[in-house]
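Asks: Data: start_16.cif, mmCIF, C-alpha atoms.
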data_target
#
loop_
_atom_site.group_PDB
_atom_site.id
_atom_site.type_symbol
_atom_site.label_atom_id
_atom_site.label_comp_id
_atom_site.auth_asym_id
_atom_site.auth_seq_id
_atom_site.Cartn_x
_atom_site.Cartn_y
_atom_site.Cartn_z
ATOM 1 C CA MET Q 1 11.690 -14.091 6.711
ATOM 2 C CA SER Q 2 12.712 -12.071 3.667
ATOM 3 C CA THR Q 3 12.454 -13.442 0.137
ATOM 4 C CA SER Q 4 14.204 -12.286 -3.017
ATOM 5 C CA PHE Q 5 13.513 -12.448 -6.748
ATOM 6 C CA PRO Q 6 15.785 -11.797 -9.749
ATOM 7 C CA LEU Q 7 15.442 -8.653 -11.850
ATOM 8 C CA ASP Q 8 17.535 -7.538 -14.825
ATOM 9 C CA ASN Q 9 21.081 -7.516 -13.355
ATOM 10 C CA MET Q 10 19.567 -6.894 -9.901
ATOM 11 C CA ARG Q 11 17.475 -8.582 -7.228
ATOM 12 C CA VAL Q 12 14.505 -7.343 -5.206
ATOM 13 C CA ARG Q 13 14.253 -8.519 -1.604
ATOM 14 C CA PHE Q 14 10.985 -8.289 0.308
ATOM 15 C CA SER Q 15 10.098 -8.330 3.984
ATOM 16 C CA GLY Q 16 7.028 -7.140 5.863
ATOM 17 C CA ASP Q 17 4.692 -7.496 8.804
ATOM 18 C CA THR Q 18 1.557 -6.046 10.388
ATOM 19 C CA ASP Q 19 0.831 -5.219 14.030
ATOM 20 C CA VAL Q 20 -2.331 -4.251 15.917
ATOM 21 C CA GLY Q 21 -0.616 -1.301 17.647
ATOM 22 C CA ARG Q 22 -1.255 -0.207 21.221
ATOM 23 C CA LYS Q 23 -4.708 1.375 21.065
ATOM 24 C CA ARG Q 24 -6.854 -0.861 18.835
ATOM 25 C CA ASP Q 25 -8.377 -4.167 19.937
ATOM 26 C CA HIS Q 26 -8.062 -5.823 16.520
ATOM 27 C CA ASN Q 27 -6.088 -5.416 13.308
ATOM 28 C CA GLU Q 28 -7.959 -4.158 10.223
ATOM 29 C CA ASP Q 29 -4.807 -4.067 8.035
ATOM 30 C CA SER Q 30 -3.827 -6.808 5.595
ATOM 31 C CA VAL Q 31 -0.424 -7.400 4.013
ATOM 32 C CA TYR Q 32 0.688 -9.594 1.120
ATOM 33 C CA LEU Q 33 4.300 -10.607 0.618
ATOM 34 C CA PRO Q 34 5.441 -12.284 -2.613
ATOM 35 C CA THR Q 35 5.648 -16.041 -2.906
ATOM 36 C CA ASP Q 36 5.947 -16.691 -6.645
ATOM 37 C CA VAL Q 37 5.203 -13.268 -8.158
ATOM 38 C CA ARG Q 38 6.953 -9.947 -7.470
ATOM 39 C CA LEU Q 39 3.793 -8.366 -6.042
ATOM 40 C CA ALA Q 40 3.442 -6.728 -2.609
ATOM 41 C CA ILE Q 41 0.293 -5.185 -1.105
ATOM 42 C CA VAL Q 42 -0.727 -3.205 1.979
ATOM 43 C CA ALA Q 43 -4.427 -2.545 2.661
ATOM 44 C CA ASP Q 44 -5.879 -0.584 5.591
ATOM 45 C CA GLY Q 45 -9.519 -1.486 6.235
ATOM 46 C CA MET Q 46 -12.214 0.736 7.702
ATOM 47 C CA GLY Q 47 -15.793 0.249 8.799
ATOM 48 C CA GLY Q 48 -15.770 -0.686 12.460
ATOM 49 C CA HIS Q 49 -16.327 -4.010 14.213
ATOM 50 C CA ALA Q 50 -14.782 -6.703 11.986
ATOM 51 C CA SER Q 51 -15.795 -5.266 8.628
ATOM 52 C CA GLY Q 52 -12.599 -3.284 8.052
ATOM 53 C CA GLU Q 53 -10.639 -6.478 8.452
ATOM 54 C CA VAL Q 54 -12.972 -8.176 5.963
ATOM 55 C CA ALA Q 55 -12.532 -5.360 3.418
ATOM 56 C CA SER Q 56 -8.735 -5.297 3.511
ATOM 57 C CA ALA Q 57 -8.409 -9.089 3.377
ATOM 58 C CA LEU Q 58 -10.912 -9.297 0.504
ATOM 59 C CA ALA Q 59 -9.035 -6.643 -1.482
ATOM 60 C CA VAL Q 60 -5.708 -8.401 -1.008
ATOM 61 C CA ASP Q 61 -7.121 -11.846 -1.798
ATOM 62 C CA THR Q 62 -8.836 -10.562 -4.955
ATOM 63 C CA MET Q 63 -5.684 -8.940 -6.292
ATOM 64 C CA VAL Q 64 -3.497 -11.945 -5.493
ATOM 65 C CA ASP Q 65 -6.001 -14.286 -7.154
ATOM 66 C CA TYR Q 66 -6.172 -12.066 -10.248
ATOM 67 C CA TYR Q 67 -2.380 -11.912 -10.564
ATOM 68 C CA GLY Q 68 -2.240 -15.677 -10.172
ATOM 69 C CA ARG Q 69 -4.853 -16.282 -12.877
ATOM 70 C CA THR Q 70 -3.177 -13.903 -15.330
ATOM 71 C CA ALA Q 71 0.417 -14.960 -14.708
ATOM 72 C CA ASP Q 72 0.819 -16.974 -17.903
ATOM 73 C CA MET Q 73 -1.487 -15.158 -20.277
ATOM 74 C CA GLN Q 74 -2.141 -11.765 -21.814
ATOM 75 C CA PRO Q 75 -3.566 -9.695 -18.948
ATOM 76 C CA LEU Q 76 -7.367 -9.685 -18.891
ATOM 77 C CA THR Q 77 -9.131 -6.346 -18.488
ATOM 78 C CA TRP Q 78 -12.768 -7.398 -18.891
ATOM 79 C CA PRO Q 79 -15.206 -6.070 -17.739
ATOM 80 C CA TYR Q 80 -13.247 -2.799 -17.694
ATOM 81 C CA LYS Q 81 -12.227 -0.811 -20.744
ATOM 82 C CA VAL Q 82 -8.572 0.010 -20.243
ATOM 83 C CA ASP Q 83 -6.416 2.123 -22.540
ATOM 84 C CA ARG Q 84 -4.751 -0.377 -24.873
ATOM 85 C CA ASP Q 85 -1.842 1.981 -25.461
ATOM 86 C CA LEU Q 86 -0.643 1.421 -21.905
ATOM 87 C CA ARG Q 87 1.697 -1.413 -21.136
ATOM 88 C CA GLY Q 88 -0.025 -4.695 -20.386
ATOM 89 C CA ASP Q 89 1.338 -4.781 -16.868
ATOM 90 C CA ILE Q 90 -0.101 -1.342 -16.103
ATOM 91 C CA ASN Q 91 -3.463 -2.590 -17.353
ATOM 92 C CA ARG Q 92 -3.022 -5.608 -15.130
ATOM 93 C CA MET Q 93 -2.450 -3.510 -12.006
ATOM 94 C CA THR Q 94 -5.375 -1.214 -12.811
ATOM 95 C CA THR Q 95 -7.732 -4.119 -13.370
ATOM 96 C CA GLY Q 96 -6.578 -5.905 -10.224
ATOM 97 C CA VAL Q 97 -7.430 -2.870 -8.106
ATOM 98 C CA LEU Q 98 -10.751 -2.335 -9.902
ATOM 99 C CA LEU Q 99 -11.757 -5.940 -9.288
ATOM 100 C CA ALA Q 100 -10.788 -5.622 -5.621
ATOM 101 C CA ASN Q 101 -12.946 -2.515 -5.357
ATOM 102 C CA LEU Q 102 -15.924 -4.301 -6.917
ATOM 103 C CA GLU Q 103 -15.570 -7.288 -4.595
ATOM 104 C CA VAL Q 104 -15.516 -5.052 -1.503
ATOM 105 C CA HIS Q 105 -18.448 -2.961 -2.741
ATOM 106 C CA GLU Q 106 -20.595 -5.989 -3.578
ATOM 107 C CA ARG Q 107 -19.839 -7.752 -0.280
ATOM 108 C CA ALA Q 108 -20.855 -4.605 1.624
ATOM 109 C CA ALA Q 109 -24.076 -4.352 -0.410
ATOM 110 C CA ARG Q 110 -25.223 -7.920 0.261
ATOM 111 C CA ASP Q 111 -23.979 -8.418 3.840
ATOM 112 C CA PRO Q 112 -25.598 -6.086 6.430
ATOM 113 C CA SER Q 113 -22.733 -6.672 8.865
ATOM 114 C CA CYS Q 114 -20.314 -5.212 6.289
ATOM 115 C CA LYS Q 115 -22.358 -2.150 5.331
ATOM 116 C CA GLY Q 116 -20.148 0.902 4.815
ATOM 117 C CA MET Q 117 -16.867 -0.997 4.889
ATOM 118 C CA GLY Q 118 -13.938 0.026 2.731
ATOM 119 C CA THR Q 119 -10.184 -0.181 2.478
ATOM 120 C CA THR Q 120 -7.164 1.623 1.158
ATOM 121 C CA VAL Q 121 -4.683 -0.225 -1.014
ATOM 122 C CA VAL Q 122 -1.126 0.249 -2.202
ATOM 123 C CA ALA Q 123 0.504 -2.386 -4.370
ATOM 124 C CA THR Q 124 3.848 -2.691 -6.128
ATOM 125 C CA TYR Q 125 4.668 -5.037 -8.994
ATOM 126 C CA PHE Q 126 8.302 -5.289 -10.074
ATOM 127 C CA LEU Q 127 9.224 -5.832 -13.697
ATOM 128 C CA ASP Q 128 12.880 -6.226 -14.664
ATOM 129 C CA ASP Q 129 13.380 -2.483 -15.144
ATOM 130 C CA THR Q 130 10.254 -0.829 -13.717
ATOM 131 C CA VAL Q 131 8.111 -0.908 -10.603
ATOM 132 C CA ILE Q 132 4.383 -0.373 -11.162
ATOM 133 C CA ILE Q 133 2.489 1.124 -8.235
ATOM 134 C CA GLY Q 134 -1.292 0.974 -7.830
ATOM 135 C CA HIS Q 135 -2.820 3.231 -5.220
ATOM 136 C CA VAL Q 136 -6.187 4.201 -3.693
ATOM 137 C CA GLY Q 137 -6.524 5.880 -0.287
ATOM 138 C CA ASP Q 138 -3.977 7.207 2.202
ATOM 139 C CA SER Q 139 -1.678 4.236 2.633
ATOM 140 C CA ARG Q 140 1.639 5.156 1.087
ATOM 141 C CA VAL Q 141 4.622 4.083 -0.990
ATOM 142 C CA TYR Q 142 7.970 5.758 -0.334
ATOM 143 C CA ARG Q 143 11.323 5.335 -2.061
ATOM 144 C CA LEU Q 144 14.558 5.679 -0.132
ATOM 145 C CA ARG Q 145 17.401 6.492 -2.510
ATOM 146 C CA ASP Q 146 20.874 7.744 -1.544
ATOM 147 C CA GLY Q 147 19.649 8.690 1.915
ATOM 148 C CA LYS Q 148 16.629 10.671 0.687
ATOM 149 C CA LEU Q 149 13.102 9.466 1.447
ATOM 150 C CA THR Q 150 10.505 10.450 -1.174
ATOM 151 C CA GLN Q 151 6.766 9.855 -0.901
ATOM 152 C CA ILE Q 152 5.754 8.490 -4.312
ATOM 153 C CA THR Q 153 1.995 8.218 -3.769
ATOM 154 C CA GLU Q 154 -0.347 11.103 -3.006
ATOM 155 C CA ASP Q 155 -2.840 10.725 -0.157
ATOM 156 C CA HIS Q 156 -6.493 10.608 -1.199
ATOM 157 C CA SER Q 157 -7.526 12.420 1.955
ATOM 158 C CA LEU Q 158 -9.510 15.518 2.857
ATOM 159 C CA ILE Q 159 -6.532 17.137 4.535
ATOM 160 C CA ASN Q 160 -4.348 16.656 1.469
ATOM 161 C CA ASP Q 161 -7.050 18.282 -0.688
ATOM 162 C CA TYR Q 162 -7.123 21.233 1.734
ATOM 163 C CA ILE Q 163 -3.330 21.525 1.574
ATOM 164 C CA LYS Q 164 -3.402 21.546 -2.249
ATOM 165 C CA MET Q 165 -6.104 24.242 -2.183
ATOM 166 C CA LYS Q 166 -3.903 26.187 0.283
ATOM 167 C CA ARG Q 167 -6.695 26.266 2.856
ATOM 168 C CA VAL Q 168 -4.329 24.872 5.494
ATOM 169 C CA THR Q 169 -0.559 24.671 5.707
ATOM 170 C CA GLU Q 170 1.325 21.413 6.196
ATOM 171 C CA GLU Q 171 2.181 22.583 9.719
ATOM 172 C CA GLU Q 172 -1.485 23.297 10.537
ATOM 173 C CA ALA Q 173 -2.455 19.924 9.085
ATOM 174 C CA GLU Q 174 -0.553 18.095 11.825
ATOM 175 C CA ASN Q 175 -3.247 18.984 14.381
ATOM 176 C CA TRP Q 176 -6.233 19.283 12.041
ATOM 177 C CA PRO Q 177 -9.305 17.532 13.570
ATOM 178 C CA HIS Q 178 -10.326 15.704 10.365
ATOM 179 C CA LYS Q 179 -6.836 14.630 9.393
ATOM 180 C CA ASN Q 180 -7.738 11.007 8.642
ATOM 181 C CA VAL Q 181 -10.881 11.519 6.526
ATOM 182 C CA ILE Q 182 -10.478 9.572 3.267
ATOM 183 C CA VAL Q 183 -11.967 10.898 0.016
ATOM 184 C CA ARG Q 184 -11.170 7.832 -2.100
ATOM 185 C CA ALA Q 185 -11.136 4.189 -1.036
ATOM 186 C CA LEU Q 186 -12.072 0.749 -2.287
ATOM 187 C CA GLY Q 187 -15.711 -0.157 -1.690
ATOM 188 C CA MET Q 188 -17.239 3.317 -1.580
ATOM 189 C CA LYS Q 189 -18.750 2.949 -5.081
ATOM 190 C CA ASP Q 190 -18.924 0.230 -7.723
ATOM 191 C CA SER Q 191 -15.928 1.769 -9.488
ATOM 192 C CA VAL Q 192 -12.971 3.848 -8.370
ATOM 193 C CA GLN Q 193 -10.212 5.950 -9.889
ATOM 194 C CA VAL Q 194 -6.895 4.129 -9.552
ATOM 195 C CA ASP Q 195 -3.637 6.068 -9.407
ATOM 196 C CA ILE Q 196 -0.884 4.295 -11.347
ATOM 197 C CA ILE Q 197 2.720 5.392 -10.922
ATOM 198 C CA THR Q 198 5.830 3.901 -12.494
ATOM 199 C CA ASP Q 199 9.407 4.231 -11.306
ATOM 200 C CA GLN Q 200 12.789 2.884 -12.387
ATOM 201 C CA PRO Q 201 14.512 1.072 -9.520
ATOM 202 C CA LYS Q 202 18.259 1.350 -8.956
ATOM 203 C CA VAL Q 203 20.563 -0.827 -6.882
ATOM 204 C CA GLY Q 204 20.431 0.475 -3.318
ATOM 205 C CA ASP Q 205 16.844 1.721 -3.520
ATOM 206 C CA CYS Q 206 14.410 0.632 -0.842
ATOM 207 C CA PHE Q 207 10.663 0.934 -1.414
ATOM 208 C CA LEU Q 208 8.412 1.197 1.644
ATOM 209 C CA LEU Q 209 4.705 0.331 1.558
ATOM 210 C CA CYS Q 210 2.872 1.283 4.745
ATOM 211 C CA SER Q 211 -0.438 2.100 6.363
ATOM 212 C CA ASP Q 212 -0.881 5.437 8.110
ATOM 213 C CA GLY Q 213 -0.260 3.711 11.422
ATOM 214 C CA LEU Q 214 3.434 3.956 10.554
ATOM 215 C CA CYS Q 215 3.793 7.314 8.823
ATOM 216 C CA ASP Q 216 1.543 9.131 11.332
ATOM 217 C CA MET Q 217 3.828 7.998 14.150
ATOM 218 C CA LEU Q 218 7.324 8.335 12.662
ATOM 219 C CA THR Q 219 8.892 11.268 10.840
ATOM 220 C CA ASP Q 220 10.606 10.908 7.479
ATOM 221 C CA GLN Q 221 13.916 11.366 9.272
ATOM 222 C CA GLN Q 222 13.166 8.549 11.719
ATOM 223 C CA ILE Q 223 12.073 6.207 8.926
ATOM 224 C CA THR Q 224 15.201 7.010 6.905
ATOM 225 C CA HIS Q 225 17.470 6.462 9.917
ATOM 226 C CA ILE Q 226 15.938 3.057 10.667
ATOM 227 C CA ILE Q 227 16.035 1.715 7.105
ATOM 228 C CA ASP Q 228 19.488 3.087 6.298
ATOM 229 C CA GLY Q 229 20.881 1.935 9.629
ATOM 230 C CA THR Q 230 19.486 -1.606 9.566
ATOM 231 C CA PRO Q 231 21.034 -3.811 6.859
ATOM 232 C CA ASP Q 232 18.892 -6.830 7.819
ATOM 233 C CA LEU Q 233 15.525 -6.241 6.116
ATOM 234 C CA ASP Q 234 13.515 -8.324 8.605
ATOM 235 C CA LYS Q 235 15.060 -6.365 11.461
ATOM 236 C CA ALA Q 236 14.302 -3.064 9.706
ATOM 237 C CA VAL Q 237 10.614 -3.997 9.467
ATOM 238 C CA GLU Q 238 10.593 -5.021 13.125
ATOM 239 C CA THR Q 239 12.291 -1.766 14.173
ATOM 240 C CA LEU Q 240 9.893 0.423 12.164
ATOM 241 C CA ILE Q 241 6.884 -1.229 13.812
ATOM 242 C CA ALA Q 242 8.467 -1.026 17.261
ATOM 243 C CA GLY Q 243 9.236 2.654 16.675
ATOM 244 C CA ALA Q 244 5.629 3.425 15.744
ATOM 245 C CA ASN Q 245 4.455 1.637 18.879
ATOM 246 C CA GLU Q 246 6.946 3.526 21.022
ATOM 247 C CA GLN Q 247 5.482 6.781 19.681
ATOM 248 C CA GLY Q 248 1.998 5.717 20.783
ATOM 249 C CA GLY Q 249 0.881 3.030 18.348
ATOM 250 C CA VAL Q 250 -2.533 4.691 17.976
ATOM 251 C CA ASP Q 251 -3.470 2.664 14.872
ATOM 252 C CA ASN Q 252 -2.688 -0.663 13.239
ATOM 253 C CA ILE Q 253 0.799 -0.648 11.720
ATOM 254 C CA SER Q 254 1.694 -2.373 8.441
ATOM 255 C CA VAL Q 255 5.078 -2.283 6.742
ATOM 256 C CA VAL Q 256 6.500 -3.891 3.602
ATOM 257 C CA LEU Q 257 10.066 -3.184 2.459
ATOM 258 C CA ALA Q 258 11.347 -4.005 -1.041
ATOM 259 C CA ARG Q 259 15.095 -3.438 -1.415
ATOM 260 C CA ILE Q 260 16.963 -3.490 -4.710
ATOM 261 C CA GLU Q 261 20.213 -5.423 -4.393
ATOM 262 C CA PRO Q 262 23.060 -6.433 -6.705
ATOM 263 C CA GLN Q 263 22.473 -9.673 -8.607
#
Re-express the file's structure as structure tokens.
Replies:
Amino acid sequence: MSTSFPLDNMRVRFSGDTDVGRKRDHNEDSVYLPTDVRLAIVADGMGGHASGEVASALAVDTMVDYYGRTADMQPLTWPYKVDRDLRGDINRMTTGVLLANLEVHERAARDPSCKGMGTTVVATYFLDDTVIIGHVGDSRVYRLRDGKLTQITEDHSLINDYIKMKRVTEEEAENWPHKNVIVRALGMKDSVQVDIITDQPKVGDCFLLCSDGLCDMLTDQQITHIIDGTPDLDKAVETLIAGANEQGGVDNISVVLARIEPQ
């Protein structure tokens, strides 16, 4: 069921779900939908057996707990030194992701069954006039505006690095054998570089958070057609996941939609 929260002369409505897909025997993705704070998260775990599921759930739980503890106070950044010139809410997102990384890394270090686990994360936090996006890995945030779908985040993947270095073309990348190798994720080290992006939402915008189980299966055109053609947000989430499964469902599929509506 979708939920909505007031913004400045607007509202943001959220809906989301996660699905195991058609090829995996368990779901290593985790999703958080807002209850009392305008925060949404998608995390895609890795590590085999059950440890990927542990990593993604731990990252989500850590960030949600941190946002809960800092809801009514000046955002805490200890033990991390964060640029004080940045807005407090950007500091808050950065620190939330850093703490999630540390929790995953430390759990993997002390629990042999979790050795080598990690997770991607994308998170959005809506202020009245700005959305703050925190990002590590190859899960993505898109914005659909006036019929145009734009990928806001940049994949932290080996294939994306090769594309930027012009060693492969985007067309060649589609069938590249190491397409899903991640070069940055939570849990790999005791600290991580967090990408922070800000955007100014407009009425009619729809932000999509997803794991690669969605965007590897559906084209931008298919995603745009489904979201634009499905006014009911819960149904749009359901249709996106069903579409990815119809195309093979080779990975877990997680989708969160955040639509900006009139007040």
Asks: Region 85-129 of chain Q near region 179-199 of chain Q within 7 Å: what's each residue's closest atom pair and its distance in Å to one decimal, counting all atoms listed in the file, ordered by chain then ascending residue number, as CSV?
Replies:
residue,atom,partner,partner_atom,distance
Q:Thr94,CA,Q:Val194,CA,6.4
Q:Leu98,CA,Q:Ser191,CA,6.6
Q:Asn101,CA,Q:Leu186,CA,4.6
Q:Leu102,CA,Q:Asp190,CA,5.5
Q:Val104,CA,Q:Gly187,CA,4.9
Q:His105,CA,Q:Gly187,CA,4.1
Q:Met117,CA,Q:Gly187,CA,6.7
Q:Gly118,CA,Q:Gly187,CA,4.8
Q:Thr119,CA,Q:Leu186,CA,5.2
Q:Thr120,CA,Q:Ala185,CA,5.2
Asks: Evaluate the PyMOL selection byres ((chain Q and resi 261) around 7) here and jot the selected residues down as a VMD selection string.
Replies: chain Q and resid 10 to 12 203 to 204 259 to 260 262 to 263
Asks: Using all atoms listed in the file for the distances, tell me which of Q:Lys148, Q:Gly96, Q:Arg87, Q:Gly52 is nearest to Thr70 (chain Q).
Replies: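 For Thr70 (chain Q), the nearest of the given residues is Q:Gly96.
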Asks: List every protein, DNA or RNA residue with an atom no more than 12 Å from (-0.3, -10.4, -8.5) in the file's coordinates, counting only C-alpha atoms, and format the result as a PyMOL selection string.
Replies: chain Q and resi 32-41+59-72+75+89-90+92-97+100+123-127+132-134
Asks: With C-alpha atoms retained, export the selected residues as a short mmCIF file (atom, residue, chain, number, x, y, z; two decimals), keeping the file's coordinate frame.
Replies:
data_model
loop_
_atom_site.label_atom_id
_atom_site.label_comp_id
_atom_site.auth_asym_id
_atom_site.auth_seq_id
_atom_site.Cartn_x
_atom_site.Cartn_y
_atom_site.Cartn_z
CA TYR Q 32 0.69 -9.59 1.12
CA LEU Q 33 4.30 -10.61 0.62
CA PRO Q 34 5.44 -12.28 -2.61
CA THR Q 35 5.65 -16.04 -2.91
CA ASP Q 36 5.95 -16.69 -6.64
CA VAL Q 37 5.20 -13.27 -8.16
CA ARG Q 38 6.95 -9.95 -7.47
CA LEU Q 39 3.79 -8.37 -6.04
CA ALA Q 40 3.44 -6.73 -2.61
CA ILE Q 41 0.29 -5.18 -1.10
CA ALA Q 59 -9.04 -6.64 -1.48
CA VAL Q 60 -5.71 -8.40 -1.01
CA ASP Q 61 -7.12 -11.85 -1.80
CA THR Q 62 -8.84 -10.56 -4.96
CA MET Q 63 -5.68 -8.94 -6.29
CA VAL Q 64 -3.50 -11.94 -5.49
CA ASP Q 65 -6.00 -14.29 -7.15
CA TYR Q 66 -6.17 -12.07 -10.25
CA TYR Q 67 -2.38 -11.91 -10.56
CA GLY Q 68 -2.24 -15.68 -10.17
CA ARG Q 69 -4.85 -16.28 -12.88
CA THR Q 70 -3.18 -13.90 -15.33
CA ALA Q 71 0.42 -14.96 -14.71
CA ASP Q 72 0.82 -16.97 -17.90
CA PRO Q 75 -3.57 -9.70 -18.95
CA ASP Q 89 1.34 -4.78 -16.87
CA ILE Q 90 -0.10 -1.34 -16.10
CA ARG Q 92 -3.02 -5.61 -15.13
CA MET Q 93 -2.45 -3.51 -12.01
CA THR Q 94 -5.38 -1.21 -12.81
CA THR Q 95 -7.73 -4.12 -13.37
CA GLY Q 96 -6.58 -5.90 -10.22
CA VAL Q 97 -7.43 -2.87 -8.11
CA ALA Q 100 -10.79 -5.62 -5.62
CA ALA Q 123 0.50 -2.39 -4.37
CA THR Q 124 3.85 -2.69 -6.13
CA TYR Q 125 4.67 -5.04 -8.99
CA PHE Q 126 8.30 -5.29 -10.07
CA LEU Q 127 9.22 -5.83 -13.70
CA ILE Q 132 4.38 -0.37 -11.16
CA ILE Q 133 2.49 1.12 -8.24
CA GLY Q 134 -1.29 0.97 -7.83
#
Asks: So how many Å separate CA of Asp128 (chain Q) and CA of Ser254 (chain Q), to one decimal?
Replies: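 Here the two named atoms are 26.0 Å from each other.
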Asks: Between CA of Ile241 (chain Q) and CA of Ile253 (chain Q), what is the distance in Å, rounded to a tenth?
Replies: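 Value for the CA of Ile241 (chain Q)-CA of Ile253 (chain Q) distance: 6.5 Å.
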Asks: One number please: CA of Lys202 (chain Q) to CA of Phe14 (chain Q), in Å, one decimal.
Replies: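 These two atoms are separated by 15.2 Å.
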Asks: Determine, counting all atoms listed in the file, which protein, DNA and RNA residues have an atom within 8 Å of an atom of Ser30 (chain Q); residues of the same chain fewer than 2 positions away are not included. Present the result as a list in words.
Replies: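 These residues fall inside the cut-off: Thr18, Glu28, Tyr32, Val42, Ala43, Asp44, Gly45, Glu53, Ser56, Ala57, Val60 and Ser254 of chain Q.
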Asks: Write out as a list in words the residues lying within 7 Å of Thr3 (chain Q), counting all atoms listed in the file and excluding same-chain residues fewer than 2 positions away.
Replies: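 The neighbour list is Met1, Arg13, Phe14 and Ser15 of chain Q.
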Asks: Quick one: residues within 12 Å of (2.1, 2.4, 13.9) (file frame), counting all atoms listed in the file, please, as a PyMOL selection string.
Replies: chain Q and resi 17-24+27+29+44+210-219+223+237-255
Asks: Have a look at Q:Gly147, Q:Pro112, Q:Gly88, Q:Gly16 and name the one nearest to His225 (chain Q); count all atoms listed in the file.
Replies: Q:Gly147
